[in-house]
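The data block below is upload39.txt; it holds compact mmCIF, N, CA and C atoms.
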```txt
# COMPACT_ATOMS: atom_id res chain seq x y z
N MET G 1 -42.95 -14.50 -20.43
CA MET G 1 -41.69 -13.83 -20.15
C MET G 1 -41.28 -14.13 -18.71
N THR G 2 -40.02 -14.51 -18.53
CA THR G 2 -39.54 -14.82 -17.19
C THR G 2 -38.76 -13.64 -16.64
N LYS G 3 -38.80 -13.55 -15.33
CA LYS G 3 -38.07 -12.47 -14.66
C LYS G 3 -36.59 -12.80 -14.58
N THR G 4 -35.76 -11.77 -14.53
CA THR G 4 -34.33 -11.95 -14.34
C THR G 4 -34.07 -12.39 -12.91
N VAL G 5 -33.15 -13.32 -12.74
CA VAL G 5 -32.79 -13.76 -11.41
C VAL G 5 -31.72 -12.79 -10.89
N LYS G 6 -32.13 -11.92 -9.97
CA LYS G 6 -31.29 -10.80 -9.56
C LYS G 6 -30.02 -11.23 -8.82
N PHE G 7 -30.11 -12.28 -8.00
CA PHE G 7 -28.91 -12.68 -7.26
C PHE G 7 -27.80 -13.07 -8.22
N ALA G 8 -28.15 -13.68 -9.33
CA ALA G 8 -27.15 -14.12 -10.29
C ALA G 8 -26.53 -12.94 -11.03
N THR G 9 -27.34 -11.98 -11.42
CA THR G 9 -26.80 -10.84 -12.17
C THR G 9 -25.90 -9.98 -11.30
N LYS G 10 -26.12 -9.98 -9.99
CA LYS G 10 -25.29 -9.18 -9.10
C LYS G 10 -23.98 -9.88 -8.75
N ARG G 11 -23.96 -11.20 -8.77
CA ARG G 11 -22.81 -11.94 -8.27
C ARG G 11 -21.99 -12.67 -9.32
N LEU G 12 -22.53 -12.82 -10.51
CA LEU G 12 -21.84 -13.58 -11.55
C LEU G 12 -21.65 -12.74 -12.79
N ARG G 13 -20.64 -13.08 -13.57
CA ARG G 13 -20.36 -12.36 -14.81
C ARG G 13 -19.90 -13.38 -15.85
N ILE G 14 -20.38 -13.25 -17.08
CA ILE G 14 -19.96 -14.14 -18.16
C ILE G 14 -18.99 -13.37 -19.06
N THR G 15 -17.85 -14.00 -19.37
CA THR G 15 -16.87 -13.38 -20.25
C THR G 15 -17.25 -13.64 -21.71
N LYS G 16 -16.52 -13.03 -22.64
CA LYS G 16 -16.78 -13.24 -24.06
C LYS G 16 -16.58 -14.69 -24.47
N LYS G 17 -15.63 -15.36 -23.83
CA LYS G 17 -15.35 -16.75 -24.17
C LYS G 17 -16.28 -17.73 -23.46
N GLY G 18 -17.16 -17.22 -22.61
CA GLY G 18 -18.14 -18.08 -21.98
C GLY G 18 -17.81 -18.54 -20.58
N LYS G 19 -16.73 -18.02 -20.00
CA LYS G 19 -16.41 -18.39 -18.62
C LYS G 19 -17.33 -17.63 -17.67
N VAL G 20 -17.67 -18.26 -16.56
CA VAL G 20 -18.48 -17.61 -15.54
C VAL G 20 -17.57 -17.24 -14.38
N LEU G 21 -17.53 -15.96 -14.05
CA LEU G 21 -16.67 -15.46 -12.99
C LEU G 21 -17.50 -15.06 -11.78
N PHE G 22 -16.92 -15.23 -10.59
CA PHE G 22 -17.59 -14.83 -9.37
C PHE G 22 -16.56 -14.31 -8.39
N ARG G 23 -17.02 -13.61 -7.40
CA ARG G 23 -16.12 -13.12 -6.35
C ARG G 23 -16.33 -13.98 -5.12
N PRO G 24 -15.30 -14.67 -4.66
CA PRO G 24 -15.46 -15.55 -3.50
C PRO G 24 -15.84 -14.77 -2.23
N SER G 25 -16.47 -15.47 -1.30
CA SER G 25 -16.85 -14.85 -0.04
C SER G 25 -15.64 -14.73 0.88
N ARG G 26 -15.84 -14.07 2.01
CA ARG G 26 -14.81 -13.88 3.05
C ARG G 26 -13.60 -13.10 2.54
N GLN G 27 -13.84 -12.06 1.77
CA GLN G 27 -12.70 -11.29 1.26
C GLN G 27 -12.70 -9.84 1.72
N ASN G 28 -13.78 -9.37 2.29
CA ASN G 28 -13.88 -7.94 2.55
C ASN G 28 -13.48 -7.51 3.95
N HIS G 29 -13.81 -8.30 4.96
CA HIS G 29 -13.66 -7.84 6.33
C HIS G 29 -12.64 -8.68 7.09
N PHE G 30 -12.09 -8.11 8.15
CA PHE G 30 -11.18 -8.80 9.07
C PHE G 30 -9.92 -9.29 8.36
N ASN G 31 -9.34 -8.45 7.55
CA ASN G 31 -8.14 -8.84 6.82
C ASN G 31 -6.86 -8.34 7.48
N ALA G 32 -6.98 -7.64 8.62
CA ALA G 32 -5.80 -7.06 9.25
C ALA G 32 -4.86 -8.14 9.77
N LYS G 33 -5.38 -9.28 10.18
CA LYS G 33 -4.56 -10.35 10.72
C LYS G 33 -3.73 -11.05 9.65
N GLN G 34 -4.17 -10.97 8.42
CA GLN G 34 -3.53 -11.75 7.37
C GLN G 34 -2.32 -11.02 6.80
N SER G 35 -1.44 -11.81 6.22
CA SER G 35 -0.24 -11.23 5.63
C SER G 35 -0.61 -10.47 4.36
N GLY G 36 0.30 -9.63 3.91
CA GLY G 36 0.07 -8.88 2.67
C GLY G 36 -0.09 -9.79 1.48
N ASN G 37 0.62 -10.93 1.49
CA ASN G 37 0.52 -11.87 0.38
C ASN G 37 -0.89 -12.46 0.29
N GLN G 38 -1.47 -12.81 1.42
CA GLN G 38 -2.83 -13.36 1.42
C GLN G 38 -3.83 -12.32 0.94
N THR G 39 -3.66 -11.08 1.39
CA THR G 39 -4.56 -10.02 1.00
C THR G 39 -4.52 -9.80 -0.51
N ARG G 40 -3.34 -9.81 -1.10
CA ARG G 40 -3.21 -9.63 -2.55
C ARG G 40 -3.84 -10.77 -3.32
N GLN G 41 -3.69 -11.99 -2.80
CA GLN G 41 -4.26 -13.14 -3.50
C GLN G 41 -5.78 -13.15 -3.48
N LYS G 42 -6.37 -12.45 -2.53
CA LYS G 42 -7.83 -12.41 -2.43
C LYS G 42 -8.46 -11.48 -3.47
N ARG G 43 -7.68 -10.62 -4.08
CA ARG G 43 -8.24 -9.67 -5.03
C ARG G 43 -8.70 -10.36 -6.30
N GLY G 44 -9.67 -9.74 -6.96
CA GLY G 44 -10.07 -10.22 -8.27
C GLY G 44 -11.17 -11.27 -8.24
N LEU G 45 -11.45 -11.80 -9.41
CA LEU G 45 -12.53 -12.77 -9.60
C LEU G 45 -11.95 -14.15 -9.83
N ARG G 46 -12.78 -15.16 -9.61
CA ARG G 46 -12.37 -16.55 -9.82
C ARG G 46 -13.32 -17.21 -10.81
N ASN G 47 -12.84 -18.28 -11.44
CA ASN G 47 -13.69 -19.04 -12.35
C ASN G 47 -14.63 -19.93 -11.54
N LEU G 48 -15.85 -20.02 -11.99
CA LEU G 48 -16.81 -20.92 -11.36
C LEU G 48 -16.49 -22.35 -11.78
N PRO G 49 -16.62 -23.33 -10.87
CA PRO G 49 -16.34 -24.73 -11.25
C PRO G 49 -17.25 -25.20 -12.38
N GLN G 50 -16.71 -26.05 -13.25
CA GLN G 50 -17.44 -26.50 -14.45
C GLN G 50 -18.78 -27.14 -14.11
N ALA G 51 -18.88 -27.83 -12.98
CA ALA G 51 -20.12 -28.50 -12.62
C ALA G 51 -21.26 -27.50 -12.43
N GLN G 52 -20.94 -26.28 -12.03
CA GLN G 52 -21.96 -25.27 -11.77
C GLN G 52 -22.19 -24.33 -12.94
N VAL G 53 -21.30 -24.34 -13.92
CA VAL G 53 -21.38 -23.39 -15.03
C VAL G 53 -22.67 -23.56 -15.82
N LYS G 54 -23.04 -24.79 -16.15
CA LYS G 54 -24.24 -25.03 -16.96
C LYS G 54 -25.48 -24.48 -16.27
N VAL G 55 -25.58 -24.71 -14.97
CA VAL G 55 -26.76 -24.26 -14.22
C VAL G 55 -26.85 -22.74 -14.23
N PHE G 56 -25.75 -22.07 -13.95
CA PHE G 56 -25.79 -20.63 -13.85
C PHE G 56 -25.89 -19.94 -15.21
N LYS G 57 -25.41 -20.56 -16.27
CA LYS G 57 -25.59 -19.98 -17.61
C LYS G 57 -27.07 -19.95 -17.97
N LYS G 58 -27.80 -21.00 -17.61
CA LYS G 58 -29.24 -21.02 -17.87
C LYS G 58 -29.94 -19.91 -17.09
N ILE G 59 -29.52 -19.72 -15.84
CA ILE G 59 -30.13 -18.67 -15.01
C ILE G 59 -29.84 -17.29 -15.58
N LEU G 60 -28.59 -17.06 -16.02
CA LEU G 60 -28.22 -15.74 -16.52
C LEU G 60 -28.82 -15.43 -17.89
N GLU G 61 -29.16 -16.45 -18.66
CA GLU G 61 -29.70 -16.21 -20.00
C GLU G 61 -31.21 -15.96 -20.00
N ARG G 62 -31.85 -16.00 -18.85
CA ARG G 62 -33.28 -15.75 -18.79
C ARG G 62 -33.61 -14.34 -19.21
```

Represent the supplied structure as structure tokens.
Amino acid sequence: MTKTVKFATKRLRITKKGKVLFRPSRQNHFNAKQSGNQTRQKRGLRNLPQAQVKVFKKILER
């Protein structure tokens, strides 16, 4: 039995259709300088690039 890889379970999420979502870095602090438009665009999750999806799906399925 293999252990769950904790960093992946905390930072990645798999949707029903199989997409891997993540929250990009540099979104939480020091946002006062940026415009409201930039702040709004930083919200939410992003799709992981296809090149990395296979690797992280294996990690999450452990």

Practice prompt. Find the spatial neighbours of G:Ser25, counting only C-alpha atoms, within a cut-off of 12 Å - ignore same-chain residues fewer than 6 positions away - and output them as number ranges by chain.
Written response: G: 11, 42-46

Fill in: Backbone DSSP call of alpha helix (DSSP H) for stretch 9-52 of chain G, listed as a list in words
Thr9, Lys10, Arg11, Gly36, Asn37, Gln38, Thr39, Arg40, Gln41, Gln50, Ala51 and Gln52 of chain G

Put a box with edges along x, y and z around all the listed atoms of stretch 18-37 of chain G, pad it by 8 Å on each side, then give me its centre and sizes in Å, one decimal, as JSON.
```
{"center_x": -8.9, "center_y": -12.8, "center_z": -5.9, "size_x": 35.1, "size_y": 27.5, "size_z": 49.3}
```

Fill in: Atomic distance atom CA of G:Leu21 - atom C of G:Leu48, expressed in Å with one decimal
7.0 Å

Discussion item. Please list as a PyMOL selection string every residue within 8 Å of G:Glu61, counting only N, CA and C atoms and excluding residues in the same chain fewer than 3 positions away.
Written reply: chain G and resi 4-5+56-58

Practice prompt. With a distance cut-off of 12 Å and only C-alpha atoms, select the neighbouring residues of G:Lys6, excluding the residue or stretch itself and same-chain residues fewer than 4 positions from it, and output the selection as a PyMOL selection string.
Written response: chain G and resi 2+10-12+59-62

Discussion item. According to DSSP computed on the backbone, where in chain G is there strand (DSSP E or B)? Give the residues as a ChimeraX atom specification.
Written reply: /G:12-14,20-22,46-47
